[in-house]
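Student: Okay, here's the structure, questions in a sec.
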Amino acid sequence: MTSVKQLAANRANAKRSTGPKTKNGKARSKRNAVKHGLAATQAILIEGEDPEDFEALSEDLIAKHRPSSAFAHELVMQIAVTTWRWRRVQRLEAAFIRACQKEARNEVEAAFVEDYYEPLREEAASRCVKSIEKNSEVPVAEKLNALARAYLDGTYDERFKKFYEEVKTEAKERGCEPPNRTLTEEELADVYQAGALDMLLDDDRSDVLRKLSRYETSLLNNIFRIQRLLEAEQKLIEVIDV
């Protein structure tokens, strides 16, 4: 951490620096500042984040802290960058929870369709086995051998696909269609709550939340640390100016 003596030296050097005198020099200096800001924005943002939002955050913090030196300005920008990362963690946590809830919803809705297709698959499997056994009078051992050969050479899979399509066609001809079942708002709320609970009970997914929480805490600590350093720098400037 920068010491009080270092802050005083930095402040004294800044006072001795006269900066650019000509219009061209001042213009170049201004462009350098703009380039630095753009570079900082490009370095911190990831795909999907809005540069204007980050610029607005930076401007709000600058207006709040009113840095009176280049070093103070850098500290404010560090607060902006760390605050942006802190907000990102919150967004990531919310997105992760929503993804777990969506997974739970998909599983419930898939179960509705599964209830329709399961008996059709069972009927197709029954027809498939009978077609392979052919003669019901043969010994059980021979039937099992025939099934084993069918599994190994792929015959079973080919026949199952054929009978499965046949059974589904017959079901449609009888007027049976896959359900178009949608969850009510109350059911959906229960599913989302269950999805969040499953996420907490799952070791791998709950570990993700713990890591995000630790990272969030470290970012907050960094923000407080930088703010204390900024306050110390600004107080030192007031003392030196007096």
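Starting from 1 in every chain, residues are counted up; chains themselves are A, B, ... following the order of the structure tokens, and ligands are numbered from 1 as listed.
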What's around range 173-179 of chain A at 10 Å? Count only C-alpha atoms, leave out sequence neighbours fewer than 2 positions away in its own chain, and write the answer as a short mmCIF file (atom, residue, chain, number, x, y, z; two decimals) with N, CA and C atoms, in the first residue's frame.

Tutor:
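The resulting result-v4.cif:
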```cif
data_model
loop_
_atom_site.label_atom_id
_atom_site.label_comp_id
_atom_site.auth_asym_id
_atom_site.auth_seq_id
_atom_site.Cartn_x
_atom_site.Cartn_y
_atom_site.Cartn_z
N GLU A 109 -41.51 -30.91 -17.42
CA GLU A 109 -42.27 -30.91 -18.66
C GLU A 109 -41.92 -32.13 -19.52
N PHE A 112 -43.96 -35.18 -18.55
CA PHE A 112 -45.31 -35.28 -19.11
C PHE A 112 -45.28 -36.07 -20.43
N VAL A 113 -44.30 -35.76 -21.27
CA VAL A 113 -44.18 -36.43 -22.56
C VAL A 113 -43.73 -37.87 -22.35
N GLU A 114 -42.83 -38.06 -21.36
CA GLU A 114 -42.34 -39.41 -21.09
C GLU A 114 -43.48 -40.34 -20.70
N ASP A 115 -44.43 -39.84 -19.95
CA ASP A 115 -45.57 -40.66 -19.53
C ASP A 115 -46.38 -41.13 -20.74
N TYR A 116 -46.36 -40.33 -21.82
CA TYR A 116 -47.09 -40.72 -23.03
C TYR A 116 -46.32 -41.77 -23.83
N TYR A 117 -45.00 -41.58 -23.96
CA TYR A 117 -44.22 -42.45 -24.84
C TYR A 117 -43.77 -43.76 -24.19
N VAL A 167 -45.90 -48.56 -33.72
CA VAL A 167 -46.76 -48.35 -32.56
C VAL A 167 -47.19 -46.90 -32.46
N LYS A 168 -46.29 -45.96 -32.73
CA LYS A 168 -46.65 -44.53 -32.68
C LYS A 168 -47.69 -44.18 -33.75
N THR A 169 -47.55 -44.79 -34.92
CA THR A 169 -48.53 -44.55 -35.99
C THR A 169 -49.91 -45.07 -35.57
N GLU A 170 -49.94 -46.24 -34.97
CA GLU A 170 -51.22 -46.81 -34.51
C GLU A 170 -51.85 -45.92 -33.44
N ALA A 171 -51.00 -45.35 -32.56
CA ALA A 171 -51.53 -44.49 -31.51
C ALA A 171 -52.17 -43.24 -32.10
N ARG A 181 -48.82 -30.21 -22.50
CA ARG A 181 -49.06 -29.83 -21.10
C ARG A 181 -48.15 -28.68 -20.70
N THR A 182 -48.71 -27.62 -20.21
CA THR A 182 -47.93 -26.50 -19.71
C THR A 182 -48.22 -26.31 -18.22
#
```

Student: Could you pull the residues within 10 Å of Ala189 in chain A, counting only C-alpha atoms, minus those fewer than 6 positions along the same chain, as an NGL selection string?

Tutor: :A and (101 or 105 or 183 or 195)

Student: Of the residues A:Arg85, A:Leu61, A:Glu122, A:Gln90, which is the one nearest to Asn222 in chain A, using only C-alpha atoms?

Tutor: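 Ranking A:Arg85, A:Leu61, A:Glu122, A:Gln90 by distance to Asn222 in chain A, first place goes to A:Arg85.
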
Student: Residues within 12 Å of Phe96 in chain A, please, as a ChimeraX atom specification. Count only C-alpha atoms; anything in the same chain fewer than 6 positions from it doesn't count.

Tutor: /A:89-90,102-103,195-196,199-200,205-209,212

Student: In Å, how far is it from CA of Ile226 in chain A to CA of Thr83 in chain A?

Tutor: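 Answer for the CA of Ile226 in chain A to CA of Thr83 in chain A separation: 11.1 Å.
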
Student: So that I can check the surroundings of Arg121 in chain A, please list as number ranges by chain every protein, DNA and RNA residue that reaches within 10 Å of it, counting only C-alpha atoms and ignoring chain neighbours fewer than 3 positions away.

Tutor: A: 116-118, 124-127, 160-161, 163-165, 167-168

Student: Step one, run DSSP on the backbone; step two, keep only residues of range 116-192 of chain A assigned to alpha helix (DSSP H); then write them as a PyMOL selection string.

Tutor: chain A and resi 116-133+140-153+155-173+185-192

Student: Print the selection's residues with C-alpha atoms to a file, as an mmCIF file, in the first residue's frame.

Tutor:
```cif
data_model
loop_
_atom_site.group_PDB
_atom_site.id
_atom_site.type_symbol
_atom_site.label_atom_id
_atom_site.label_comp_id
_atom_site.auth_asym_id
_atom_site.auth_seq_id
_atom_site.Cartn_x
_atom_site.Cartn_y
_atom_site.Cartn_z
ATOM 1 C CA TYR A 116 -47.088 -40.719 -23.026
ATOM 2 C CA TYR A 117 -44.221 -42.454 -24.842
ATOM 3 C CA GLU A 118 -43.191 -44.986 -22.195
ATOM 4 C CA PRO A 119 -46.067 -47.454 -22.822
ATOM 5 C CA LEU A 120 -45.485 -47.107 -26.584
ATOM 6 C CA ARG A 121 -41.833 -48.063 -26.131
ATOM 7 C CA GLU A 122 -42.841 -51.008 -23.952
ATOM 8 C CA GLU A 123 -45.220 -52.261 -26.656
ATOM 9 C CA ALA A 124 -42.550 -51.828 -29.337
ATOM 10 C CA ALA A 125 -40.037 -53.764 -27.198
ATOM 11 C CA SER A 126 -42.552 -56.563 -26.671
ATOM 12 C CA ARG A 127 -43.183 -56.912 -30.400
ATOM 13 C CA CYS A 128 -39.454 -56.778 -31.071
ATOM 14 C CA VAL A 129 -38.695 -59.611 -28.648
ATOM 15 C CA LYS A 130 -41.507 -61.746 -30.054
ATOM 16 C CA SER A 131 -40.244 -61.239 -33.611
ATOM 17 C CA ILE A 132 -36.759 -62.396 -32.604
ATOM 18 C CA GLU A 133 -37.971 -65.413 -30.583
ATOM 19 C CA VAL A 140 -35.902 -70.585 -22.944
ATOM 20 C CA ALA A 141 -32.152 -70.938 -23.393
ATOM 21 C CA GLU A 142 -32.527 -70.722 -27.164
ATOM 22 C CA LYS A 143 -34.726 -67.646 -26.822
ATOM 23 C CA LEU A 144 -32.138 -65.973 -24.652
ATOM 24 C CA ASN A 145 -29.378 -66.871 -27.096
ATOM 25 C CA ALA A 146 -31.381 -65.394 -29.961
ATOM 26 C CA LEU A 147 -31.943 -62.160 -28.019
ATOM 27 C CA ALA A 148 -28.262 -61.986 -27.067
ATOM 28 C CA ARG A 149 -27.211 -62.342 -30.705
ATOM 29 C CA ALA A 150 -29.734 -59.680 -31.717
ATOM 30 C CA TYR A 151 -28.337 -57.221 -29.143
ATOM 31 C CA LEU A 152 -24.763 -57.869 -30.229
ATOM 32 C CA ASP A 153 -25.212 -57.649 -34.000
ATOM 33 C CA THR A 155 -30.620 -56.573 -35.071
ATOM 34 C CA TYR A 156 -32.563 -55.702 -31.941
ATOM 35 C CA ASP A 157 -32.070 -51.951 -32.367
ATOM 36 C CA GLU A 158 -33.101 -52.053 -36.007
ATOM 37 C CA ARG A 159 -36.265 -54.026 -35.253
ATOM 38 C CA PHE A 160 -37.111 -51.884 -32.239
ATOM 39 C CA LYS A 161 -37.003 -48.693 -34.346
ATOM 40 C CA LYS A 162 -39.299 -50.311 -36.898
ATOM 41 C CA PHE A 163 -41.855 -51.456 -34.292
ATOM 42 C CA TYR A 164 -41.640 -48.175 -32.374
ATOM 43 C CA GLU A 165 -42.637 -46.195 -35.465
ATOM 44 C CA GLU A 166 -45.377 -48.714 -36.089
ATOM 45 C CA VAL A 167 -46.763 -48.351 -32.556
ATOM 46 C CA LYS A 168 -46.646 -44.526 -32.681
ATOM 47 C CA THR A 169 -48.534 -44.550 -35.987
ATOM 48 C CA GLU A 170 -51.215 -46.807 -34.512
ATOM 49 C CA ALA A 171 -51.532 -44.488 -31.507
ATOM 50 C CA LYS A 172 -52.091 -41.467 -33.766
ATOM 51 C CA GLU A 173 -54.678 -43.394 -35.763
ATOM 52 C CA GLU A 185 -48.230 -20.270 -12.531
ATOM 53 C CA GLU A 186 -48.584 -21.990 -9.163
ATOM 54 C CA GLU A 187 -46.961 -25.193 -10.431
ATOM 55 C CA LEU A 188 -44.198 -23.190 -12.056
ATOM 56 C CA ALA A 189 -43.471 -21.356 -8.795
ATOM 57 C CA ASP A 190 -43.235 -24.687 -6.970
ATOM 58 C CA VAL A 191 -40.916 -26.113 -9.636
ATOM 59 C CA TYR A 192 -38.637 -23.069 -9.469
#
```

Student: Given only C-alpha atoms as the basis, pick out the residue of A:Glu233, A:Glu55, A:Tyr215, A:Ala194 nearest to Val81 in chain A.

Tutor: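 Nearest candidate to Val81 in chain A out of A:Glu233, A:Glu55, A:Tyr215, A:Ala194: A:Glu55.
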
Student: What is the distance between CA of Glu59 in chain A and CA of Arg214 in chain A, in Å to one decimal?

Tutor: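 For CA of Glu59 in chain A relative to CA of Arg214 in chain A, the distance reads 28.0 Å.
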
Student: Suppose you want the space between CA of Ala95 in chain A and CA of Ala111 in chain A; what is it in Å?

Tutor: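 Distance reported for this atom pair: 24.3 Å.
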